[in-house]
>>> print(open('protein-v5.cif').read())   # mmCIF, C-alpha atoms
data_input
#
loop_
_atom_site.group_PDB
_atom_site.id
_atom_site.type_symbol
_atom_site.label_atom_id
_atom_site.label_comp_id
_atom_site.auth_asym_id
_atom_site.auth_seq_id
_atom_site.Cartn_x
_atom_site.Cartn_y
_atom_site.Cartn_z
ATOM 1 C CA MET T 185 -60.991 -60.306 -35.843
ATOM 2 C CA ASN T 186 -59.223 -57.669 -37.938
ATOM 3 C CA ALA T 187 -59.852 -56.755 -41.570
ATOM 4 C CA SER T 188 -57.027 -58.821 -43.097
ATOM 5 C CA GLU T 189 -58.179 -61.924 -41.258
ATOM 6 C CA GLU T 190 -61.712 -61.307 -42.439
ATOM 7 C CA ASN T 191 -60.606 -61.330 -46.079
ATOM 8 C CA SER T 192 -58.353 -64.372 -46.018
ATOM 9 C CA LYS T 193 -60.221 -67.617 -45.822
ATOM 10 C CA PRO T 194 -58.399 -70.572 -44.275
ATOM 11 C CA LEU T 195 -56.524 -72.698 -46.818
ATOM 12 C CA GLU T 196 -58.977 -75.585 -46.714
ATOM 13 C CA TYR T 197 -61.789 -73.329 -48.005
ATOM 14 C CA GLN T 198 -59.861 -71.707 -50.819
ATOM 15 C CA THR T 199 -60.812 -73.938 -53.740
ATOM 16 C CA GLU T 200 -64.387 -74.423 -54.896
ATOM 17 C CA GLN T 201 -63.899 -78.193 -54.677
ATOM 18 C CA GLY T 202 -62.634 -77.817 -51.114
ATOM 19 C CA GLN T 203 -65.719 -75.853 -50.065
ATOM 20 C CA MET T 204 -67.992 -78.433 -51.702
ATOM 21 C CA ASN T 205 -66.209 -81.237 -49.849
ATOM 22 C CA ILE T 206 -66.787 -79.528 -46.528
ATOM 23 C CA VAL T 207 -70.465 -78.785 -47.224
ATOM 24 C CA GLY T 208 -70.894 -82.404 -48.343
ATOM 25 C CA PHE T 209 -69.356 -83.601 -45.114
ATOM 26 C CA TRP T 210 -71.768 -81.536 -43.043
ATOM 27 C CA ILE T 211 -74.621 -83.237 -44.946
ATOM 28 C CA PHE T 212 -73.051 -86.590 -44.061
ATOM 29 C CA LEU T 213 -72.917 -85.557 -40.396
ATOM 30 C CA ALA T 214 -76.645 -84.733 -40.480
ATOM 31 C CA ALA T 215 -77.272 -88.242 -41.867
ATOM 32 C CA GLU T 216 -75.137 -89.667 -39.061
ATOM 33 C CA MET T 217 -77.373 -87.845 -36.630
ATOM 34 C CA ALA T 218 -80.371 -89.691 -38.099
ATOM 35 C CA LEU T 219 -78.470 -92.999 -37.808
ATOM 36 C CA PHE T 220 -77.604 -92.476 -34.156
ATOM 37 C CA GLY T 221 -81.116 -91.105 -33.539
ATOM 38 C CA THR T 222 -82.577 -94.480 -34.541
ATOM 39 C CA LEU T 223 -80.071 -96.338 -32.367
ATOM 40 C CA PHE T 224 -80.706 -94.105 -29.345
ATOM 41 C CA ALA T 225 -84.471 -94.476 -29.872
ATOM 42 C CA THR T 226 -84.146 -98.280 -29.978
ATOM 43 C CA TYR T 227 -82.029 -98.194 -26.840
ATOM 44 C CA ALA T 228 -84.493 -95.939 -25.023
ATOM 45 C CA VAL T 229 -87.465 -98.129 -25.939
ATOM 46 C CA LEU T 230 -85.708 -101.366 -24.939
ATOM 47 C CA PHE T 231 -84.342 -99.909 -21.707
ATOM 48 C CA GLY T 232 -85.022 -102.280 -18.827
ATOM 49 C CA ARG T 233 -85.888 -105.291 -21.045
ATOM 50 C CA THR T 234 -83.016 -107.332 -19.653
ATOM 51 C CA ALA T 235 -84.883 -110.662 -19.291
ATOM 52 C CA ASP T 236 -82.621 -113.058 -17.349
ATOM 53 C CA SER T 237 -79.363 -111.221 -18.001
ATOM 54 C CA PRO T 238 -77.732 -108.789 -15.528
ATOM 55 C CA ALA T 239 -79.192 -105.276 -15.213
ATOM 56 C CA PRO T 240 -77.010 -102.427 -16.524
ATOM 57 C CA GLY T 241 -76.756 -100.896 -13.056
ATOM 58 C CA GLU T 242 -75.047 -104.073 -11.825
ATOM 59 C CA LEU T 243 -72.407 -104.120 -14.577
ATOM 60 C CA PHE T 244 -71.623 -100.471 -15.305
ATOM 61 C CA GLU T 245 -68.617 -99.177 -13.438
ATOM 62 C CA PRO T 246 -68.332 -95.396 -13.154
ATOM 63 C CA GLY T 247 -64.509 -95.546 -13.314
ATOM 64 C CA ILE T 248 -64.077 -96.972 -16.793
ATOM 65 C CA ALA T 249 -66.867 -94.882 -18.346
ATOM 66 C CA ILE T 250 -65.393 -91.692 -16.887
ATOM 67 C CA VAL T 251 -61.883 -92.585 -18.105
ATOM 68 C CA MET T 252 -63.209 -93.333 -21.604
ATOM 69 C CA THR T 253 -65.107 -90.036 -21.651
ATOM 70 C CA LEU T 254 -62.062 -88.033 -20.618
ATOM 71 C CA ILE T 255 -59.832 -89.830 -23.143
ATOM 72 C CA LEU T 256 -62.196 -89.145 -26.024
ATOM 73 C CA LEU T 257 -62.740 -85.547 -24.907
ATOM 74 C CA THR T 258 -58.990 -84.980 -24.725
ATOM 75 C CA SER T 259 -58.461 -86.528 -28.163
ATOM 76 C CA SER T 260 -61.147 -84.224 -29.566
ATOM 77 C CA PHE T 261 -59.263 -81.302 -27.982
ATOM 78 C CA THR T 262 -55.885 -82.364 -29.399
ATOM 79 C CA GLY T 263 -57.536 -82.886 -32.802
ATOM 80 C CA GLY T 264 -58.731 -79.268 -32.586
ATOM 81 C CA LEU T 265 -55.210 -78.122 -31.669
ATOM 82 C CA ALA T 266 -53.895 -79.962 -34.753
ATOM 83 C CA ILE T 267 -56.253 -77.967 -37.004
ATOM 84 C CA ASN T 268 -55.165 -74.812 -35.190
ATOM 85 C CA ASP T 269 -51.514 -75.615 -35.967
ATOM 86 C CA MET T 270 -52.456 -76.418 -39.559
ATOM 87 C CA ARG T 271 -53.838 -72.903 -39.948
ATOM 88 C CA ARG T 272 -50.584 -71.528 -38.586
ATOM 89 C CA GLY T 273 -48.742 -73.539 -41.229
ATOM 90 C CA SER T 274 -46.832 -75.685 -38.760
ATOM 91 C CA VAL T 275 -46.504 -79.248 -40.144
ATOM 92 C CA LYS T 276 -44.442 -80.425 -37.180
ATOM 93 C CA GLY T 277 -46.879 -79.157 -34.555
ATOM 94 C CA MET T 278 -49.757 -80.611 -36.484
ATOM 95 C CA MET T 279 -48.138 -84.026 -36.823
ATOM 96 C CA THR T 280 -47.418 -84.080 -33.086
ATOM 97 C CA TRP T 281 -51.004 -83.281 -32.107
ATOM 98 C CA LEU T 282 -52.395 -85.759 -34.632
ATOM 99 C CA LEU T 283 -50.161 -88.535 -33.290
ATOM 100 C CA ILE T 284 -51.391 -87.771 -29.758
ATOM 101 C CA THR T 285 -54.970 -87.839 -31.076
ATOM 102 C CA LEU T 286 -54.273 -91.205 -32.708
ATOM 103 C CA ALA T 287 -52.779 -92.634 -29.504
ATOM 104 C CA LEU T 288 -55.765 -91.455 -27.444
ATOM 105 C CA GLY T 289 -58.177 -92.912 -30.011
ATOM 106 C CA LEU T 290 -56.424 -96.283 -29.782
ATOM 107 C CA THR T 291 -56.506 -96.134 -25.966
ATOM 108 C CA PHE T 292 -60.235 -95.433 -26.074
ATOM 109 C CA LEU T 293 -60.762 -98.405 -28.366
ATOM 110 C CA GLY T 294 -58.702 -100.628 -26.058
ATOM 111 C CA PHE T 295 -60.890 -99.653 -23.095
ATOM 112 C CA GLU T 296 -64.046 -100.305 -25.098
ATOM 113 C CA ILE T 297 -62.867 -103.765 -26.165
ATOM 114 C CA TYR T 298 -61.929 -104.556 -22.564
ATOM 115 C CA GLU T 299 -65.337 -103.317 -21.422
ATOM 116 C CA PHE T 300 -67.258 -105.449 -23.938
ATOM 117 C CA TYR T 301 -65.137 -108.467 -23.037
ATOM 118 C CA HIS T 302 -65.787 -107.889 -19.347
ATOM 119 C CA TYR T 303 -69.573 -107.689 -19.900
ATOM 120 C CA ALA T 304 -69.478 -110.861 -21.997
ATOM 121 C CA THR T 305 -67.771 -112.762 -19.191
ATOM 122 C CA GLU T 306 -70.457 -111.500 -16.789
ATOM 123 C CA GLY T 307 -73.171 -112.924 -19.027
ATOM 124 C CA ALA T 308 -74.227 -109.869 -21.044
ATOM 125 C CA THR T 309 -73.693 -110.352 -24.775
ATOM 126 C CA LEU T 310 -75.445 -109.266 -27.954
ATOM 127 C CA GLN T 311 -77.718 -112.329 -27.698
ATOM 128 C CA SER T 312 -78.530 -112.055 -23.964
ATOM 129 C CA SER T 313 -81.577 -109.804 -24.087
ATOM 130 C CA ALA T 314 -83.259 -107.009 -26.023
ATOM 131 C CA TYR T 315 -81.625 -104.445 -23.750
ATOM 132 C CA TRP T 316 -78.093 -105.742 -24.261
ATOM 133 C CA SER T 317 -78.633 -106.039 -28.028
ATOM 134 C CA ALA T 318 -79.567 -102.367 -28.149
ATOM 135 C CA PHE T 319 -76.639 -101.475 -25.884
ATOM 136 C CA PHE T 320 -74.020 -103.311 -27.944
ATOM 137 C CA VAL T 321 -75.385 -102.064 -31.265
ATOM 138 C CA LEU T 322 -75.397 -98.435 -30.062
ATOM 139 C CA THR T 323 -71.977 -98.376 -28.376
ATOM 140 C CA GLY T 324 -70.575 -100.778 -30.973
ATOM 141 C CA THR T 325 -71.613 -98.517 -33.854
ATOM 142 C CA HIS T 326 -69.833 -95.650 -32.136
ATOM 143 C CA GLY T 327 -66.778 -97.861 -31.573
ATOM 144 C CA LEU T 328 -66.835 -98.864 -35.233
ATOM 145 C CA HIS T 329 -66.806 -95.182 -36.192
ATOM 146 C CA VAL T 330 -63.797 -94.617 -33.939
ATOM 147 C CA THR T 331 -62.027 -97.613 -35.523
ATOM 148 C CA PHE T 332 -62.739 -96.263 -38.990
ATOM 149 C CA GLY T 333 -61.529 -92.817 -37.896
ATOM 150 C CA ILE T 334 -58.235 -94.294 -36.666
ATOM 151 C CA GLY T 335 -57.603 -95.978 -40.032
ATOM 152 C CA TRP T 336 -58.530 -92.767 -41.837
ATOM 153 C CA LEU T 337 -56.178 -90.720 -39.657
ATOM 154 C CA ILE T 338 -53.254 -93.106 -40.275
ATOM 155 C CA LEU T 339 -53.702 -92.727 -44.046
ATOM 156 C CA LEU T 340 -53.961 -88.933 -43.752
ATOM 157 C CA LEU T 341 -50.811 -88.824 -41.602
ATOM 158 C CA ILE T 342 -48.882 -90.692 -44.296
ATOM 159 C CA GLN T 343 -50.144 -88.262 -46.926
ATOM 160 C CA LEU T 344 -49.340 -85.267 -44.720
ATOM 161 C CA ALA T 345 -45.790 -86.530 -44.168
ATOM 162 C CA LYS T 346 -45.287 -86.907 -47.922
ATOM 163 C CA ARG T 347 -46.965 -83.766 -49.252
ATOM 164 C CA GLY T 348 -47.084 -81.256 -46.400
ATOM 165 C CA ILE T 349 -49.949 -78.804 -45.887
ATOM 166 C CA THR T 350 -51.545 -78.024 -49.273
ATOM 167 C CA SER T 351 -55.063 -76.931 -50.162
ATOM 168 C CA VAL T 352 -55.879 -80.627 -50.746
ATOM 169 C CA THR T 353 -54.368 -82.149 -47.598
ATOM 170 C CA SER T 354 -55.587 -79.314 -45.366
ATOM 171 C CA ASN T 355 -59.096 -79.862 -46.708
ATOM 172 C CA LYS T 356 -58.940 -83.583 -45.951
ATOM 173 C CA LEU T 357 -57.553 -83.036 -42.472
ATOM 174 C CA PHE T 358 -60.136 -80.382 -41.648
ATOM 175 C CA ILE T 359 -62.889 -82.828 -42.659
ATOM 176 C CA PHE T 360 -61.289 -85.525 -40.524
ATOM 177 C CA GLY T 361 -61.296 -83.021 -37.647
ATOM 178 C CA LEU T 362 -65.051 -82.485 -38.074
ATOM 179 C CA TYR T 363 -65.597 -86.246 -38.009
ATOM 180 C CA TRP T 364 -63.511 -86.697 -34.886
ATOM 181 C CA HIS T 365 -65.238 -83.897 -32.948
ATOM 182 C CA TYR T 366 -68.578 -85.272 -34.046
ATOM 183 C CA LEU T 367 -67.737 -88.684 -32.575
ATOM 184 C CA ASP T 368 -67.159 -86.966 -29.251
ATOM 185 C CA VAL T 369 -70.571 -85.274 -29.524
ATOM 186 C CA ILE T 370 -72.169 -88.721 -29.958
ATOM 187 C CA TRP T 371 -70.112 -90.100 -27.074
ATOM 188 C CA ILE T 372 -71.309 -87.330 -24.731
ATOM 189 C CA PHE T 373 -74.863 -88.543 -25.313
ATOM 190 C CA ILE T 374 -73.864 -92.200 -24.914
ATOM 191 C CA PHE T 375 -72.096 -91.368 -21.654
ATOM 192 C CA THR T 376 -75.106 -89.435 -20.383
ATOM 193 C CA GLY T 377 -77.966 -91.484 -21.820
ATOM 194 C CA VAL T 378 -76.453 -94.945 -21.387
ATOM 195 C CA TYR T 379 -73.898 -94.939 -18.574
ATOM 196 C CA LEU T 380 -75.048 -92.187 -16.204
ATOM 197 C CA LEU T 381 -78.720 -92.979 -16.740
ATOM 198 C CA GLY T 382 -78.060 -96.722 -16.346
ATOM 199 C CA MET T 383 -76.425 -96.082 -12.992
ATOM 200 C CA VAL T 384 -79.140 -93.674 -11.795
ATOM 201 C CA ILE T 385 -82.267 -95.695 -12.647
ATOM 202 C CA MET R 267 -48.432 -68.738 -45.387
ATOM 203 C CA GLU R 268 -50.221 -66.022 -43.535
ATOM 204 C CA LYS R 269 -50.947 -66.548 -39.894
ATOM 205 C CA GLN R 270 -54.595 -67.398 -39.621
ATOM 206 C CA SER R 271 -54.903 -68.445 -36.027
ATOM 207 C CA LYS R 272 -53.288 -67.521 -32.778
ATOM 208 C CA LYS R 273 -50.359 -69.274 -31.165
ATOM 209 C CA LEU R 274 -52.474 -69.972 -28.120
ATOM 210 C CA PRO R 275 -55.811 -71.464 -29.215
ATOM 211 C CA ILE R 276 -57.847 -69.786 -26.507
ATOM 212 C CA LYS R 277 -61.220 -71.009 -27.822
ATOM 213 C CA HIS R 278 -60.114 -74.629 -27.692
ATOM 214 C CA ILE R 279 -58.701 -74.316 -24.193
ATOM 215 C CA ILE R 280 -61.867 -72.670 -22.864
ATOM 216 C CA GLY R 281 -63.987 -75.345 -24.570
ATOM 217 C CA TYR R 282 -61.892 -78.184 -23.199
ATOM 218 C CA VAL R 283 -61.758 -76.920 -19.610
ATOM 219 C CA THR R 284 -65.504 -76.190 -19.613
ATOM 220 C CA SER R 285 -66.282 -79.654 -21.018
ATOM 221 C CA VAL R 286 -64.193 -81.376 -18.348
ATOM 222 C CA ILE R 287 -65.904 -79.359 -15.608
ATOM 223 C CA LEU R 288 -69.374 -80.082 -17.024
ATOM 224 C CA THR R 289 -68.543 -83.793 -17.261
ATOM 225 C CA PHE R 290 -67.654 -83.875 -13.574
ATOM 226 C CA VAL R 291 -70.745 -81.861 -12.633
ATOM 227 C CA ALA R 292 -72.853 -84.438 -14.513
ATOM 228 C CA ILE R 293 -71.068 -87.304 -12.744
ATOM 229 C CA TRP R 294 -71.626 -85.634 -9.392
ATOM 230 C CA ALA R 295 -75.315 -85.017 -10.172
ATOM 231 C CA ALA R 296 -75.813 -88.642 -11.209
ATOM 232 C CA LEU R 297 -73.761 -90.460 -8.580
ATOM 233 C CA GLY R 298 -73.059 -88.081 -5.716
ATOM 234 C CA SER R 299 -76.119 -85.905 -5.265
ATOM 235 C CA ASN R 300 -79.411 -86.714 -3.550
ATOM 236 C CA LEU R 301 -81.602 -84.916 -6.090
ATOM 237 C CA PRO R 302 -84.867 -86.564 -7.159
ATOM 238 C CA VAL R 303 -84.310 -88.909 -10.132
ATOM 239 C CA MET R 304 -86.346 -86.730 -12.513
ATOM 240 C CA TRP R 305 -84.181 -83.710 -11.727
ATOM 241 C CA ILE R 306 -81.017 -85.740 -12.201
ATOM 242 C CA ILE R 307 -82.173 -86.899 -15.642
ATOM 243 C CA ILE R 308 -83.121 -83.394 -16.739
ATOM 244 C CA SER R 309 -79.905 -81.826 -15.446
ATOM 245 C CA ILE R 310 -77.502 -84.396 -16.933
ATOM 246 C CA PHE R 311 -79.162 -84.096 -20.349
ATOM 247 C CA LEU R 312 -78.984 -80.305 -20.173
ATOM 248 C CA LEU R 313 -75.274 -80.576 -19.354
ATOM 249 C CA ALA R 314 -74.808 -82.964 -22.314
ATOM 250 C CA ILE R 315 -76.517 -80.519 -24.678
ATOM 251 C CA ILE R 316 -74.271 -77.675 -23.487
ATOM 252 C CA GLN R 317 -71.203 -79.876 -24.056
ATOM 253 C CA ALA R 318 -72.385 -80.809 -27.541
ATOM 254 C CA ALA R 319 -72.828 -77.107 -28.317
ATOM 255 C CA ILE R 320 -69.270 -76.439 -27.113
ATOM 256 C CA GLN R 321 -67.930 -79.081 -29.508
ATOM 257 C CA LEU R 322 -69.948 -77.695 -32.416
ATOM 258 C CA PHE R 323 -69.260 -74.006 -31.908
ATOM 259 C CA LEU R 324 -65.777 -73.893 -30.384
ATOM 260 C CA PHE R 325 -64.149 -76.984 -31.937
ATOM 261 C CA MET R 326 -65.972 -77.572 -35.212
ATOM 262 C CA HIS R 327 -66.258 -73.891 -36.202
ATOM 263 C CA LEU R 328 -69.966 -74.243 -36.929
ATOM 264 C CA ILE R 329 -70.132 -70.545 -37.711
ATOM 265 C CA GLU R 330 -67.129 -69.505 -39.757
ATOM 266 C CA ARG R 331 -66.265 -67.291 -42.684
ATOM 267 C CA GLY R 332 -66.217 -69.148 -45.981
ATOM 268 C CA MET R 333 -68.987 -71.660 -45.349
ATOM 269 C CA GLY R 334 -72.287 -69.814 -45.555
ATOM 270 C CA ASN R 335 -75.241 -71.347 -43.733
ATOM 271 C CA ALA R 336 -74.832 -75.006 -44.694
ATOM 272 C CA PRO R 337 -73.253 -76.351 -41.454
ATOM 273 C CA TRP R 338 -75.733 -74.564 -39.251
ATOM 274 C CA ASN R 339 -78.621 -75.762 -41.425
ATOM 275 C CA MET R 340 -77.460 -79.365 -41.383
ATOM 276 C CA MET R 341 -76.948 -79.508 -37.631
ATOM 277 C CA PHE R 342 -80.228 -77.745 -36.893
ATOM 278 C CA HIS R 343 -82.308 -80.086 -39.027
ATOM 279 C CA GLY R 344 -80.262 -83.105 -37.928
ATOM 280 C CA THR R 345 -81.060 -82.243 -34.319
ATOM 281 C CA ILE R 346 -84.779 -81.984 -35.098
ATOM 282 C CA ILE R 347 -84.770 -85.435 -36.753
ATOM 283 C CA PHE R 348 -82.793 -86.810 -33.800
ATOM 284 C CA ALA R 349 -85.283 -85.376 -31.293
ATOM 285 C CA ILE R 350 -88.372 -86.546 -33.224
ATOM 286 C CA LEU R 351 -86.978 -90.077 -33.558
ATOM 287 C CA ILE R 352 -86.315 -90.447 -29.850
ATOM 288 C CA ALA R 353 -89.310 -88.570 -28.461
ATOM 289 C CA GLY R 354 -91.640 -90.183 -30.997
ATOM 290 C CA SER R 355 -90.385 -93.701 -30.296
ATOM 291 C CA LEU R 356 -90.647 -93.231 -26.549
ATOM 292 C CA PHE R 357 -94.147 -91.781 -26.906
ATOM 293 C CA THR R 358 -95.498 -94.554 -29.125
ATOM 294 C CA MET R 359 -93.688 -97.459 -27.473
ATOM 295 C CA SER R 360 -93.291 -96.612 -23.804
ATOM 296 C CA PHE R 361 -95.336 -93.721 -22.468
ATOM 297 C CA GLY R 362 -98.093 -92.823 -24.926
ATOM 298 C CA PHE R 363 -100.631 -95.392 -23.768
ATOM 299 C CA MET R 364 -100.522 -94.577 -20.080
#
>>> encode(input="protein-v5.cif", output="structure tokens")
Amino acid sequence: MNASEENSKPLEYQTEQGQMNIVGFWIFLAAEMALFGTLFATYAVLFGRTADSPAPGELFEPGIAIVMTLILLTSSFTGGLAINDMRRGSVKGMMTWLLITLALGLTFLGFEIYEFYHYATEGATLQSSAYWSAFFVLTGTHGLHVTFGIGWLILLLIQLAKRGITSVTSNKLFIFGLYWHYLDVIWIFIFTGVYLLGMVI
Amino acid sequence: MEKQSKKLPIKHIIGYVTSVILTFVAIWAALGSNLPVMWIIISIFLLAIIQAAIQLFLFMHLIERGMGNAPWNMMFHGTIIFAILIAGSLFTMSFGFM
């Protein structure tokens, strides 16, 4: 990092309001950590309480979980590339990466809906047992966050197309980027703690 | 506007490639290896923590000029709450009375 880079803050940090927004969002992310902490704790405690419904090891397929993980990881990466292009001032590059991110997010959601549907047909629903309740609430809450993120991104894309990269839009898009990366962090733990662990034990 | 990042986002590429590799190592450890179950659990969670750190530091710019200590503070304390919730629940509900 050279001296001129050191002195110039990225655009999204340049107004006081913008900095406050970003700090506020980090506080929100800490609260999200507490939310998912409770859901993971519930899941861990209820692990194995499947009653008469199928055990997770019987239903989980490595293929679909791996594909979902790679899709979400890639969309987190392309979201990061979009922010990188934003800091270079390239609206076109940014729009392209964000549209790819959006498409990957929708693909992820499609896989998740298919997965839930598949489990339901095999006899594992929210009502089946304590274990499956905890499973659907945990993965479903993550899926709900992804759904919300997709809607948020669509609105931001419309605004970006209309106004270009300003201190306001760059701030909003940077915050969206934090949210999107954070969802991947949560997914890493779902993939490890739910899918891999469910197939090992 | 002044150029504030490089044409080739080297940090992101390193983070992405490393994450993909770690994901496959975790999959191999869980499904392909013959390690004892306890070792598998420990290793896949370690790999997950490394991946989470990659996201936070390389993608989310956890440490960056212009923000002060707030992001680091939030994530540090968030992680502590997260760990207490899970370890505490498991201790009181599943393992503490053995």
>>> resolve_selection(input="protein-v5.cif", expression="the PyMOL selection byres ((chain T) within 7 of (chain R))", output="PDB file with C-alpha atoms, keeping the file's coordinate frame")
ATOM      1  CA  GLU T 189     -58.179 -61.924 -41.258  1.00  0.00           C
ATOM      2  CA  LYS T 193     -60.221 -67.617 -45.822  1.00  0.00           C
ATOM      3  CA  PRO T 194     -58.399 -70.572 -44.275  1.00  0.00           C
ATOM      4  CA  TYR T 197     -61.789 -73.329 -48.005  1.00  0.00           C
ATOM      5  CA  VAL T 207     -70.465 -78.785 -47.224  1.00  0.00           C
ATOM      6  CA  TRP T 210     -71.768 -81.536 -43.043  1.00  0.00           C
ATOM      7  CA  ILE T 211     -74.621 -83.237 -44.946  1.00  0.00           C
ATOM      8  CA  ALA T 214     -76.645 -84.733 -40.480  1.00  0.00           C
ATOM      9  CA  MET T 217     -77.373 -87.845 -36.630  1.00  0.00           C
ATOM     10  CA  ALA T 218     -80.371 -89.691 -38.099  1.00  0.00           C
ATOM     11  CA  GLY T 221     -81.116 -91.105 -33.539  1.00  0.00           C
ATOM     12  CA  THR T 222     -82.577 -94.480 -34.541  1.00  0.00           C
ATOM     13  CA  PHE T 224     -80.706 -94.105 -29.345  1.00  0.00           C
ATOM     14  CA  ALA T 225     -84.471 -94.476 -29.872  1.00  0.00           C
ATOM     15  CA  ALA T 228     -84.493 -95.939 -25.023  1.00  0.00           C
ATOM     16  CA  VAL T 229     -87.465 -98.129 -25.939  1.00  0.00           C
ATOM     17  CA  PHE T 261     -59.263 -81.302 -27.982  1.00  0.00           C
ATOM     18  CA  GLY T 264     -58.731 -79.268 -32.586  1.00  0.00           C
ATOM     19  CA  ASN T 268     -55.165 -74.812 -35.190  1.00  0.00           C
ATOM     20  CA  ARG T 271     -53.838 -72.903 -39.948  1.00  0.00           C
ATOM     21  CA  ARG T 272     -50.584 -71.528 -38.586  1.00  0.00           C
ATOM     22  CA  GLY T 273     -48.742 -73.539 -41.229  1.00  0.00           C
ATOM     23  CA  LEU T 362     -65.051 -82.485 -38.074  1.00  0.00           C
ATOM     24  CA  HIS T 365     -65.238 -83.897 -32.948  1.00  0.00           C
ATOM     25  CA  VAL T 369     -70.571 -85.274 -29.524  1.00  0.00           C
ATOM     26  CA  ILE T 372     -71.309 -87.330 -24.731  1.00  0.00           C
ATOM     27  CA  PHE T 373     -74.863 -88.543 -25.313  1.00  0.00           C
ATOM     28  CA  THR T 376     -75.106 -89.435 -20.383  1.00  0.00           C
ATOM     29  CA  LEU T 380     -75.048 -92.187 -16.204  1.00  0.00           C
ATOM     30  CA  VAL T 384     -79.140 -93.674 -11.795  1.00  0.00           C
TER      31      VAL T 384
END
>>> atom_distance(input="protein-v5.cif", atom1="atom CA of T:Ala249", atom2="atom CA of T:Phe300")
12.0 Å
>>> axis_aligned_box(input="protein-v5.cif", around="stretch 285-300 of chain R", padding_each_side="4 Å", output="lines of an AutoDock Vina configuration file")
center_x = -71.8
center_y = -84.9
center_z = -12.3
size_x = 23.2
size_y = 19.1
size_z = 25.5
>>> resolve_selection(input="protein-v5.cif", expression="the PyMOL selection byres ((chain T and resi 326) around 12)", output="MDAnalysis selection string")
chainID T and resid 216:217 219:220 223:224 256 292:293 296 319:325 327:333 363:364 366:375
>>> write_last_selection(input="protein-v5.cif", atoms="C-alpha atoms", output="short mmCIF file (atom, residue, chain, number, x, y, z; two decimals), in the frame of the given file")
data_model
loop_
_atom_site.label_atom_id
_atom_site.label_comp_id
_atom_site.auth_asym_id
_atom_site.auth_seq_id
_atom_site.Cartn_x
_atom_site.Cartn_y
_atom_site.Cartn_z
CA GLU T 216 -75.14 -89.67 -39.06
CA MET T 217 -77.37 -87.84 -36.63
CA LEU T 219 -78.47 -93.00 -37.81
CA PHE T 220 -77.60 -92.48 -34.16
CA LEU T 223 -80.07 -96.34 -32.37
CA PHE T 224 -80.71 -94.10 -29.34
CA LEU T 256 -62.20 -89.14 -26.02
CA PHE T 292 -60.24 -95.43 -26.07
CA LEU T 293 -60.76 -98.40 -28.37
CA GLU T 296 -64.05 -100.30 -25.10
CA PHE T 319 -76.64 -101.48 -25.88
CA PHE T 320 -74.02 -103.31 -27.94
CA VAL T 321 -75.39 -102.06 -31.26
CA LEU T 322 -75.40 -98.44 -30.06
CA THR T 323 -71.98 -98.38 -28.38
CA GLY T 324 -70.58 -100.78 -30.97
CA THR T 325 -71.61 -98.52 -33.85
CA GLY T 327 -66.78 -97.86 -31.57
CA LEU T 328 -66.83 -98.86 -35.23
CA HIS T 329 -66.81 -95.18 -36.19
CA VAL T 330 -63.80 -94.62 -33.94
CA THR T 331 -62.03 -97.61 -35.52
CA PHE T 332 -62.74 -96.26 -38.99
CA GLY T 333 -61.53 -92.82 -37.90
CA TYR T 363 -65.60 -86.25 -38.01
CA TRP T 364 -63.51 -86.70 -34.89
CA TYR T 366 -68.58 -85.27 -34.05
CA LEU T 367 -67.74 -88.68 -32.58
CA ASP T 368 -67.16 -86.97 -29.25
CA VAL T 369 -70.57 -85.27 -29.52
CA ILE T 370 -72.17 -88.72 -29.96
CA TRP T 371 -70.11 -90.10 -27.07
CA ILE T 372 -71.31 -87.33 -24.73
CA PHE T 373 -74.86 -88.54 -25.31
CA ILE T 374 -73.86 -92.20 -24.91
CA PHE T 375 -72.10 -91.37 -21.65
#
>>> residues_near_point(input="protein-v5.cif", point="(-52.0, -81.9, -34.7)", cutoff="6 Å", atoms="all atoms listed in the file", output="list in words")
Gly263, Leu265, Ala266, Gly277, Met278, Met279, Thr280, Trp281 and Leu282 of chain T
>>> atom_distance(input="protein-v5.cif", atom1="atom CA of T:Leu257", atom2="atom CA of T:Phe231")
26.1 Å
>>> atom_distance(input="protein-v5.cif", atom1="atom CA of T:Gln198", atom2="atom CA of T:Ile267")
15.6 Å
>>> residues_around(input="protein-v5.cif", residues="stretch 241-248 of chain T", least_positions_apart="4", cutoff="8 Å", atoms="all atoms listed in the file", output="PyMOL selection string")
chain T and resi 252+295+299+303+306+379+382-385
>>> resolve_selection(input="protein-v5.cif", expression="the PyMOL selection byres ((chain T and resi 196) around 10)", output="JSON, numbers by chain")
{"T": [193, 194, 195, 197, 198, 199, 200, 201, 202, 203, 205, 206, 270, 271, 349, 350, 351, 352, 353, 354, 355, 356, 357, 358, 359], "R": [332]}
>>> closest_residue(input="protein-v5.cif", among="T:Thr291, T:Leu230, T:Gly307, T:Leu283", to="T:Ala345", atoms="all atoms listed in the file")
T:Leu283
>>> closest_residue(input="protein-v5.cif", among="T:Gly361, T:Gly348, T:Gly377, T:Gly289", to="T:Ile334", atoms="all atoms listed in the file")
T:Gly289
